[in-house]
Amino acid sequence: IGIRIEDTWGNPANPDRHNLRLEGDAITGLPCPVELPDRTGAGTVEGLTADAPGTRLVRLVADDGTVLATSNPIVTEDEALAGYWGDLHGQSGETVGIGTIEEYLAFARDIAFLDVCGHQGNDFQIKNAFWDKINRVTTAMDEDGRFTVFPGYEWSGNTPVGGDHNVFFRHAGQQIRRSSHAMLADRSDLVTDAVTLDALFDALEGEDAVLWSHVGGRPADVSYAHDPRLKTAVEVHSNWGTFEWILTDSLALGHRVGVVASSDGHKGRPGAGPPGATEFGAYGGLTCFLAPELSRDAIFECMRRRHHYGTSGSRIHLDVRASFDGGARVYPRDPAWSDLAPEAAATAMMGDVVQAEGPFSLAVRVDAPAGIERIDLLDGADLIETHRPYAADQLGRRVRVTWQGAEYRGRGRNTFWEGAIRTTGAAIDQMIPLNQWNPERPLAQISPHEIRFEAVTSGNFAGVDLLLDSADARLTVETNRVSGSVTISELGLDDHRMDAGGLDRAIVLRRLPDEPLPSSHSTRSRLEARPGRALWLRVTTTDGHQAWTSPIYLI
């Protein structure tokens with residue numbers, strides 16, 4: 001169990017309480033009291049055991065009985081694969097950021113409690129001496145079974161020549177292929193540069209490497225070049241925002257890629273990355289790698305088979321399984337580019353490329369740290385189904401108001417919101433902020449009938465849950481982007497959307513049940529195994545977090 005104490009901004013903080021204890025169901029060895037180091041306010045409790053399979057929570061409790069925090073769901077099962085949490089994309093002060101690479105990786109392991117990490121400095125700032133240090137430090141800190149670390153860098157070409165891509169090596173000592181030497185005085189190895197994405201693919205051919213496309217400051221152009229032998233994933237979320245479009249663009253081009261999320265942070269906080277007092281508006285993402293063990297070899301194979309999913313920073317447990325009535329063949333690599341033989345199977349998981357015919361069942365299980373609001377099933381860019389753990393007759397006096405979207409895809413995509421929410425015919429009994437990461441941007445109830453807010457979004461969403469004293473009311477939203485009103489009693493299961501131009505920019509109103517929603521939910525869908533389908537899921541929880549699975553590809 002990892003315990004981290006944070007201040008209002010999400011920074012590690014010294015504990016201001018003592019005599020803390022842990023409480024949990026069917027877990028042996030929980031200590032009382034818990035001892036946390038004063039210097040970092042973070043520590044681990046090891047040697048715990050769970051006596052039976054199941055899903056359980058652990059609570060951190062003060063001496064007066066106050067529950068200070070509740071863990072993510074702890075799922076114990078007899079399975080071939082476990083979930084290992086990672087943030088592979090961020091950098092330290094040797095390039096753009098703060099601190100050293102040693103401090104960066106120590107934070108990931110000891111304070112963010114990550115299983116997997118990587119360092120991704122902009123290539124045009126990585127001196128040869130620092131490239132040697134990256135390889136040396138990641139090798140020294142890599143420890144099978146505890147902490148897996150990859151050497152690598154961010155190939156930082158501008159969008160017209162391919163855009164940002166992360167490069168990860170399985171082993172140390174490989175040649176760095178920069179997009180340029182723009183900020184390097186030493187030009188002695190200029191000949192090693194790969195100045196376009198297709199040149200990078202050519203230079204890395206035969207290397208034990210994988211690449212991810214990401215957005216960040218120089219959005220990847222997934223149409224510029226593609227090599228599935230090397231590129232395995234696209235990054236849909238980071239401190240820079242949420243970018244589902246990089247996945248749907250890739251699927252429209254026929255690319256078979258997995259889904260990851262990272263911090264892409266500059267604050268030396270991999271795995272626990274609030275945006276801070278800047279124009280960033282999103283919490284850093286995480287990737288859950290589904291692998292048989294924690295090692296470079298196992299995680300690399302996991303990436304090559306796309307057996308992973310991304311989240312907006314929440315440790316949501318996801319299990320997605322397709323069961324084929326007539327059996328199937330699962331390919332270990334994309335058969336369009338590999339001649340590796342398929343494996344006969346009755347089931348497939350996220351990321352698999354599957355040859356099958358006829359009907360099949362898709363079973364989904366979600367265990368989350370918060371209530372589950374919805375589970376969306378998509379085929380490429382098309383929404384097929386939405387599963388909710390509640391029905392229309394359970395809708396009550398709770399209304400979720402969110403603001404979302406971006407200006408456009410490139411740098412400077414941030415949308416700045418200013419507005420007010422007003423109610424007529426009902427008072428606001430309770431207000432719960434969503435994704436309000438910057439305390440300097442106000443979100444305040446100024447009367448029983450009015451809330452004012454300022455926010456920034458960059459493809460992600462933020463907002464507020466309102467519990468009214470009556471559903472017989474009218475709610476009006478006025479912002480600098482779009483305004484409108486709606487009668488609460490007329491809101492059903494479908495969203496009420498006020499479009500605001502830009503890139504999926506909108507105010508969205510949604511009615512929810514009054515009571516807390518369940519944090520565990522299972523669904524089952526009957527589908528047809530049509531060639532060309534790319535089936536993936538998006539999970540949204542009541543605390544404002546989301547998760548995105550790698551698609552199952554049908555051929």
# chains A, B, ... in the order shown; residues from 1 in each chain; ligands from 1
$ closest_atom_pairs --of "stretch 100-184 of chain A" --to "stretch 269-285 of chain A" --cutoff "7 Å" --atoms "only C-alpha atoms" --output "CSV"
residue,atom,partner,partner_atom,distance
A:Tyr104,CA,A:Arg269,CA,6.7
A:Phe107,CA,A:Arg269,CA,6.5
A:Ala108,CA,A:Pro270,CA,5.3
A:Ala112,CA,A:Gly271,CA,5.2
A:Leu114,CA,A:Gly271,CA,6.4
$ write_last_selection --atoms "all heavy atoms" --output "PDB file, in the first residue's frame"
ATOM      1  N   TYR A 104      13.649  12.611 -10.624  1.00  0.00           N
ATOM      2  CA  TYR A 104      12.443  12.322 -11.403  1.00  0.00           C
ATOM      3  C   TYR A 104      12.032  10.856 -11.240  1.00  0.00           C
ATOM      4  O   TYR A 104      10.862  10.542 -10.947  1.00  0.00           O
ATOM      5  CB  TYR A 104      12.736  12.665 -12.859  1.00  0.00           C
ATOM      6  CG  TYR A 104      11.741  12.214 -13.891  1.00  0.00           C
ATOM      7  CD1 TYR A 104      10.712  13.051 -14.311  1.00  0.00           C
ATOM      8  CD2 TYR A 104      11.859  10.966 -14.496  1.00  0.00           C
ATOM      9  CE1 TYR A 104       9.812  12.640 -15.292  1.00  0.00           C
ATOM     10  CE2 TYR A 104      10.968  10.544 -15.470  1.00  0.00           C
ATOM     11  CZ  TYR A 104       9.946  11.388 -15.862  1.00  0.00           C
ATOM     12  OH  TYR A 104       9.067  10.977 -16.828  1.00  0.00           O
ATOM     13  N   PHE A 107      10.963   9.984  -7.627  1.00  0.00           N
ATOM     14  CA  PHE A 107       9.591  10.413  -7.368  1.00  0.00           C
ATOM     15  C   PHE A 107       8.610   9.386  -7.912  1.00  0.00           C
ATOM     16  O   PHE A 107       7.641   9.007  -7.246  1.00  0.00           O
ATOM     17  CB  PHE A 107       9.338  11.788  -7.999  1.00  0.00           C
ATOM     18  CG  PHE A 107       7.959  12.331  -7.734  1.00  0.00           C
ATOM     19  CD1 PHE A 107       7.744  13.237  -6.714  1.00  0.00           C
ATOM     20  CD2 PHE A 107       6.867  11.933  -8.496  1.00  0.00           C
ATOM     21  CE1 PHE A 107       6.471  13.739  -6.444  1.00  0.00           C
ATOM     22  CE2 PHE A 107       5.594  12.426  -8.245  1.00  0.00           C
ATOM     23  CZ  PHE A 107       5.399  13.334  -7.214  1.00  0.00           C
ATOM     24  N   ALA A 108       8.841   8.931  -9.146  1.00  0.00           N
ATOM     25  CA  ALA A 108       7.946   7.953  -9.765  1.00  0.00           C
ATOM     26  C   ALA A 108       7.844   6.685  -8.923  1.00  0.00           C
ATOM     27  O   ALA A 108       6.747   6.158  -8.714  1.00  0.00           O
ATOM     28  CB  ALA A 108       8.446   7.620 -11.171  1.00  0.00           C
ATOM     29  N   ALA A 112       5.042   8.515  -6.254  1.00  0.00           N
ATOM     30  CA  ALA A 112       3.871   8.213  -7.090  1.00  0.00           C
ATOM     31  C   ALA A 112       3.547   6.724  -7.096  1.00  0.00           C
ATOM     32  O   ALA A 112       2.488   6.339  -7.585  1.00  0.00           O
ATOM     33  CB  ALA A 112       4.099   8.696  -8.520  1.00  0.00           C
ATOM     34  N   LEU A 114       4.733   4.226  -8.872  1.00  0.00           N
ATOM     35  CA  LEU A 114       4.599   3.635 -10.201  1.00  0.00           C
ATOM     36  C   LEU A 114       5.356   2.324 -10.277  1.00  0.00           C
ATOM     37  O   LEU A 114       6.347   2.108  -9.575  1.00  0.00           O
ATOM     38  CB  LEU A 114       5.137   4.589 -11.270  1.00  0.00           C
ATOM     39  CG  LEU A 114       4.365   5.883 -11.525  1.00  0.00           C
ATOM     40  CD1 LEU A 114       5.048   6.678 -12.635  1.00  0.00           C
ATOM     41  CD2 LEU A 114       2.911   5.598 -11.890  1.00  0.00           C
TER      42      LEU A 114
END
$ residues_around --residues "stretch 216-218 of chain A" --least-positions-apart "3" --cutoff "6 Å" --atoms "only C-alpha atoms" --output "list of chain:residue names"
A:Asn158, A:Thr159, A:Gly163, A:Asp164, A:Trp240, A:Arg411
$ closest_residue --among "A:Gly412, A:Gly97, A:Gly2, A:Pro53" --to "A:Glu77" --atoms "only C-alpha atoms"
A:Pro53
$ select_by_dssp --residues "stretch 125-182 of chain A" --states "helix (DSSP H, G or I)" --output "list in words"
Gln125, Asn128, Ala129, Phe130, Trp131, Asp132, Lys133, Ile134, Asn135, Arg136, Val137, Thr138, Thr139, Ala140, Met141, Thr159, Pro160 and Val161 of chain A
$ write_last_selection --atoms "C-alpha atoms" --output "compact mmCIF listing (two decimals), in the first residue's frame"
# COMPACT_ATOMS: atom_id res chain seq x y z
CA GLN A 125 18.16 19.51 -26.04
CA ASN A 128 25.55 13.35 -25.79
CA ALA A 129 26.72 13.33 -22.18
CA PHE A 130 23.12 13.46 -20.97
CA TRP A 131 22.09 10.70 -23.39
CA ASP A 132 24.80 8.54 -21.82
CA LYS A 133 23.46 9.47 -18.38
CA ILE A 134 19.87 8.57 -19.36
CA ASN A 135 21.05 5.10 -20.38
CA ARG A 136 23.19 4.69 -17.27
CA VAL A 137 20.59 5.87 -14.73
CA THR A 138 17.64 3.99 -16.22
CA THR A 139 19.72 0.80 -16.21
CA ALA A 140 20.79 1.31 -12.61
CA MET A 141 17.23 1.96 -11.37
CA THR A 159 4.03 18.58 -37.23
CA PRO A 160 4.70 19.02 -41.00
CA VAL A 161 7.47 16.38 -40.78
$ closest_residue --among "A:Gln175, A:Ser188, A:Thr49, A:Ser312" --to "A:Asp87" --atoms "only C-alpha atoms"
A:Ser312
$ closest_residue --among "A:Asp38, A:Asp123, A:Asp221, A:Asp264" --to "A:Gln91" --atoms "only C-alpha atoms"
A:Asp264
$ residues_around --residues "A:His266" --least-positions-apart "5" --cutoff "9 Å" --atoms "only C-alpha atoms" --output "PyMOL selection string"
chain A and resi 90-93+96-98
$ closest_atom_pairs --of "stretch 326-435 of chain A" --to "stretch 484-501 of chain A" --cutoff "12 Å" --atoms "only C-alpha atoms" --output "CSV"
residue,atom,partner,partner_atom,distance
A:Glu373,CA,A:Leu493,CA,11.1
A:Arg374,CA,A:Leu493,CA,10.5
A:Thr386,CA,A:Asp494,CA,10.0
A:His387,CA,A:Leu493,CA,10.7
A:Arg388,CA,A:Leu493,CA,9.1
A:Pro389,CA,A:Leu493,CA,11.6
A:Tyr390,CA,A:Leu493,CA,9.4
A:Ala391,CA,A:Leu493,CA,7.8
A:Ala392,CA,A:Leu493,CA,6.0
A:Asp393,CA,A:Gly492,CA,9.1
A:Gln394,CA,A:Leu493,CA,10.0
A:Leu395,CA,A:Gly492,CA,7.6
A:Gly396,CA,A:Ser489,CA,8.6
A:Arg397,CA,A:Ile488,CA,7.9
A:Arg398,CA,A:Ile488,CA,9.2
A:Val399,CA,A:Ile488,CA,7.8
A:Arg400,CA,A:Asp495,CA,9.9
A:Val401,CA,A:His496,CA,9.7
A:Thr402,CA,A:Arg497,CA,9.7
A:Trp403,CA,A:Met498,CA,9.5
A:Gln404,CA,A:Ala500,CA,9.4
A:Gly405,CA,A:Ala500,CA,8.8
A:Ala406,CA,A:Gly501,CA,9.0
A:Glu407,CA,A:Gly501,CA,8.0
A:Tyr408,CA,A:Gly501,CA,9.8
A:Thr415,CA,A:Ala500,CA,10.5
A:Trp417,CA,A:Ala500,CA,11.0
A:Gly419,CA,A:Gly484,CA,11.5
A:Ala420,CA,A:Gly484,CA,11.0
A:Ile421,CA,A:Ser485,CA,9.5
A:Arg422,CA,A:Ser485,CA,9.2
A:Thr423,CA,A:Ser485,CA,9.4
A:Thr424,CA,A:Thr487,CA,9.3
A:Gly425,CA,A:Thr487,CA,10.0
A:Ala426,CA,A:Ile488,CA,10.1
$ residues_around --residues "stretch 67-74 of chain A" --least-positions-apart "6" --cutoff "12 Å" --atoms "only C-alpha atoms" --output "VMD selection string"
chain A and resid 1 to 6 15 to 18 20 to 27 49 to 50 52 to 61 82 to 83 313 to 318 366 to 371 519 to 520
$ write_last_selection --atoms "N, CA and C atoms" --output "tab-separated table (two decimals), in the first residue's frame"
chain	number	residue	atom	x	y	z
A	1	ILE	N	0.86	-1.17	0.00
A	1	ILE	CA	0.00	0.00	0.00
A	1	ILE	C	0.90	1.23	0.00
A	2	GLY	N	0.67	2.15	-0.92
A	2	GLY	CA	1.40	3.41	-0.94
A	2	GLY	C	0.52	4.52	-0.40
A	3	ILE	N	1.09	5.37	0.43
A	3	ILE	CA	0.37	6.50	1.02
A	3	ILE	C	1.16	7.77	0.72
A	4	ARG	N	0.48	8.76	0.12
A	4	ARG	CA	1.10	10.04	-0.19
A	4	ARG	C	0.20	11.15	0.34
A	5	ILE	N	0.78	12.09	1.07
A	5	ILE	CA	0.05	13.25	1.56
A	5	ILE	C	0.34	14.42	0.63
A	6	GLU	N	-0.73	15.13	0.21
A	6	GLU	CA	-0.59	16.23	-0.74
A	6	GLU	C	-1.16	17.51	-0.17
A	15	PRO	N	3.12	15.34	6.78
A	15	PRO	CA	1.88	15.01	7.47
A	15	PRO	C	1.60	15.99	8.61
A	16	ASP	N	0.34	16.44	8.70
A	16	ASP	CA	-0.05	17.29	9.83
A	16	ASP	C	-0.88	16.50	10.83
A	17	ARG	N	-1.03	15.19	10.58
A	17	ARG	CA	-1.73	14.32	11.52
A	17	ARG	C	-0.83	13.12	11.83
A	18	HIS	N	-0.96	12.62	13.01
A	18	HIS	CA	-0.25	11.40	13.39
A	18	HIS	C	-1.27	10.41	13.95
A	20	LEU	N	-2.17	7.67	12.57
A	20	LEU	CA	-3.00	7.19	11.47
A	20	LEU	C	-3.02	5.67	11.47
A	21	ARG	N	-4.11	5.11	10.98
A	21	ARG	CA	-4.19	3.66	10.87
A	21	ARG	C	-4.83	3.28	9.54
A	22	LEU	N	-4.59	2.05	9.12
A	22	LEU	CA	-5.19	1.51	7.90
A	22	LEU	C	-6.26	0.50	8.28
A	23	GLU	N	-7.36	0.55	7.55
A	23	GLU	CA	-8.44	-0.41	7.74
A	23	GLU	C	-8.81	-0.99	6.38
A	24	GLY	N	-9.01	-2.29	6.31
A	24	GLY	CA	-9.39	-2.93	5.06
A	24	GLY	C	-10.01	-4.28	5.31
A	25	ASP	N	-10.80	-4.72	4.36
A	25	ASP	CA	-11.49	-6.00	4.49
A	25	ASP	C	-10.62	-7.13	3.97
A	26	ALA	N	-10.51	-8.20	4.75
A	26	ALA	CA	-9.83	-9.43	4.33
A	26	ALA	C	-8.40	-9.18	3.88
A	27	ILE	N	-7.69	-8.29	4.58
A	27	ILE	CA	-6.28	-8.04	4.32
A	27	ILE	C	-5.54	-8.23	5.65
A	49	THR	N	-1.13	-9.39	2.87
A	49	THR	CA	-1.68	-10.53	2.13
A	49	THR	C	-3.20	-10.43	2.09
A	50	ALA	N	-3.75	-10.95	0.98
A	50	ALA	CA	-5.20	-11.09	0.83
A	50	ALA	C	-5.48	-12.59	0.77
A	52	ALA	N	-8.15	-14.29	-0.08
A	52	ALA	CA	-9.10	-14.85	-1.06
A	52	ALA	C	-9.21	-13.89	-2.23
A	53	PRO	N	-9.64	-14.39	-3.39
A	53	PRO	CA	-9.89	-13.48	-4.52
A	53	PRO	C	-10.99	-12.50	-4.18
A	54	GLY	N	-10.98	-11.36	-4.87
A	54	GLY	CA	-12.03	-10.37	-4.66
A	54	GLY	C	-11.54	-8.97	-4.90
A	55	THR	N	-12.45	-8.03	-4.73
A	55	THR	CA	-12.14	-6.60	-4.86
A	55	THR	C	-12.34	-5.95	-3.51
A	56	ARG	N	-11.33	-5.23	-3.05
A	56	ARG	CA	-11.38	-4.67	-1.71
A	56	ARG	C	-10.76	-3.28	-1.72
A	57	LEU	N	-11.05	-2.52	-0.67
A	57	LEU	CA	-10.54	-1.17	-0.49
A	57	LEU	C	-9.81	-1.08	0.84
A	58	VAL	N	-8.87	-0.17	0.92
A	58	VAL	CA	-8.19	0.13	2.18
A	58	VAL	C	-8.44	1.61	2.50
A	59	ARG	N	-8.73	1.89	3.76
A	59	ARG	CA	-9.02	3.26	4.19
A	59	ARG	C	-7.92	3.74	5.14
A	60	LEU	N	-7.52	5.00	4.96
A	60	LEU	CA	-6.58	5.65	5.89
A	60	LEU	C	-7.41	6.46	6.88
A	61	VAL	N	-7.28	6.15	8.17
A	61	VAL	CA	-8.20	6.68	9.18
A	61	VAL	C	-7.41	7.41	10.25
A	82	ALA	N	-1.30	-9.39	-14.77
A	82	ALA	CA	-1.57	-8.40	-13.72
A	82	ALA	C	-1.51	-7.01	-14.34
A	83	GLY	N	-2.04	-6.02	-13.62
A	83	GLY	CA	-2.01	-4.64	-14.09
A	83	GLY	C	-0.88	-3.88	-13.43
A	313	GLY	N	-5.52	9.69	-14.96
A	313	GLY	CA	-4.81	9.77	-13.69
A	313	GLY	C	-5.39	8.90	-12.61
A	314	SER	N	-6.57	8.32	-12.84
A	314	SER	CA	-7.23	7.44	-11.88
A	314	SER	C	-6.77	6.00	-12.09
A	315	ARG	N	-6.67	5.25	-11.01
A	315	ARG	CA	-6.29	3.83	-11.13
A	315	ARG	C	-7.56	2.97	-11.20
A	316	ILE	N	-8.19	3.05	-12.36
A	316	ILE	CA	-9.41	2.30	-12.65
A	316	ILE	C	-9.02	0.91	-13.14
A	317	HIS	N	-9.64	-0.11	-12.59
A	317	HIS	CA	-9.38	-1.49	-13.03
A	317	HIS	C	-10.37	-1.83	-14.14
A	318	LEU	N	-9.83	-2.30	-15.28
A	318	LEU	CA	-10.65	-2.63	-16.44
A	318	LEU	C	-10.33	-4.05	-16.92
A	366	VAL	N	-15.69	-3.14	-14.71
A	366	VAL	CA	-15.02	-1.92	-14.26
A	366	VAL	C	-15.08	-1.87	-12.74
A	367	ASP	N	-13.93	-1.67	-12.11
A	367	ASP	CA	-13.84	-1.37	-10.68
A	367	ASP	C	-13.08	-0.06	-10.55
A	368	ALA	N	-13.74	0.95	-9.99
A	368	ALA	CA	-13.18	2.30	-10.01
A	368	ALA	C	-13.08	2.87	-8.61
A	369	PRO	N	-12.24	3.90	-8.43
A	369	PRO	CA	-12.17	4.57	-7.12
A	369	PRO	C	-13.37	5.47	-6.84
A	370	ALA	N	-14.23	5.69	-7.84
A	370	ALA	CA	-15.42	6.53	-7.67
A	370	ALA	C	-16.58	5.87	-8.40
A	371	GLY	N	-17.77	6.46	-8.27
A	371	GLY	CA	-18.93	5.92	-8.95
A	371	GLY	C	-18.77	5.93	-10.47
A	519	SER	N	-19.40	1.82	-7.69
A	519	SER	CA	-18.03	1.92	-8.20
A	519	SER	C	-17.58	0.66	-8.93
A	520	SER	N	-18.41	-0.37	-8.95
A	520	SER	CA	-18.14	-1.59	-9.72
A	520	SER	C	-19.34	-1.86	-10.62
$ closest_residue --among "A:His255, A:Val320, A:Asn438, A:Phe289" --to "A:Gly532" --atoms "only C-alpha atoms"
A:His255
$ residues_around --residues "A:Ile432" --least-positions-apart "5" --cutoff "8 Å" --atoms "only C-alpha atoms" --output "ChimeraX atom specification"
/A:464-466
$ write_last_selection --atoms "N, CA and C atoms" --output "short mmCIF file (atom, residue, chain, number, x, y, z; two decimals), in the first residue's frame"
data_model
loop_
_atom_site.label_atom_id
_atom_site.label_comp_id
_atom_site.auth_asym_id
_atom_site.auth_seq_id
_atom_site.Cartn_x
_atom_site.Cartn_y
_atom_site.Cartn_z
N VAL A 464 -19.00 20.88 -12.61
CA VAL A 464 -19.53 20.86 -11.26
C VAL A 464 -20.77 19.99 -11.22
N ASP A 465 -20.93 19.26 -10.11
CA ASP A 465 -22.17 18.54 -9.83
C ASP A 465 -23.00 19.39 -8.87
N LEU A 466 -24.27 19.59 -9.21
CA LEU A 466 -25.17 20.38 -8.39
C LEU A 466 -26.30 19.49 -7.87
#
$ residues_around --residues "stretch 245-250 of chain A" --least-positions-apart "3" --cutoff "6 Å" --atoms "only C-alpha atoms" --output "ChimeraX atom specification"
/A:253,255,380-381
$ write_last_selection --atoms "all heavy atoms" --output "PDB file, in the first residue's frame"
ATOM      1  N   LEU A 253      -7.389   5.595 -40.672  1.00  0.00           N
ATOM      2  CA  LEU A 253      -6.310   5.279 -41.615  1.00  0.00           C
ATOM      3  C   LEU A 253      -5.976   3.788 -41.648  1.00  0.00           C
ATOM      4  O   LEU A 253      -5.097   3.369 -42.404  1.00  0.00           O
ATOM      5  CB  LEU A 253      -5.050   6.073 -41.245  1.00  0.00           C
ATOM      6  CG  LEU A 253      -5.132   7.591 -41.432  1.00  0.00           C
ATOM      7  CD1 LEU A 253      -3.974   8.275 -40.717  1.00  0.00           C
ATOM      8  CD2 LEU A 253      -5.130   7.941 -42.919  1.00  0.00           C
ATOM      9  N   HIS A 255      -4.738   2.090 -39.070  1.00  0.00           N
ATOM     10  CA  HIS A 255      -3.631   1.760 -38.174  1.00  0.00           C
ATOM     11  C   HIS A 255      -4.155   0.951 -36.986  1.00  0.00           C
ATOM     12  O   HIS A 255      -5.213   1.252 -36.434  1.00  0.00           O
ATOM     13  CB  HIS A 255      -2.964   3.030 -37.646  1.00  0.00           C
ATOM     14  CG  HIS A 255      -2.378   3.893 -38.711  1.00  0.00           C
ATOM     15  ND1 HIS A 255      -1.872   5.150 -38.462  1.00  0.00           N
ATOM     16  CD2 HIS A 255      -2.212   3.680 -40.044  1.00  0.00           C
ATOM     17  CE1 HIS A 255      -1.425   5.675 -39.591  1.00  0.00           C
ATOM     18  NE2 HIS A 255      -1.619   4.809 -40.561  1.00  0.00           N
ATOM     19  N   GLY A 380     -14.377   2.392 -33.958  1.00  0.00           N
ATOM     20  CA  GLY A 380     -13.727   3.529 -34.590  1.00  0.00           C
ATOM     21  C   GLY A 380     -14.206   4.810 -33.944  1.00  0.00           C
ATOM     22  O   GLY A 380     -14.142   4.983 -32.728  1.00  0.00           O
ATOM     23  N   ALA A 381     -14.748   5.730 -34.736  1.00  0.00           N
ATOM     24  CA  ALA A 381     -15.272   6.988 -34.207  1.00  0.00           C
ATOM     25  C   ALA A 381     -16.756   6.921 -33.884  1.00  0.00           C
ATOM     26  O   ALA A 381     -17.332   7.908 -33.416  1.00  0.00           O
ATOM     27  CB  ALA A 381     -15.010   8.113 -35.214  1.00  0.00           C
TER      28      ALA A 381
END
$ atom_distance --atom1 "atom CA of A:Thr540" --atom2 "atom CA of A:Ile372"
6.4 Å
$ residues_around --residues "A:Arg304" --least-positions-apart "6" --cutoff "9 Å" --atoms "only C-alpha atoms" --output "number ranges by chain"
A: 210, 229-233, 258, 332-333
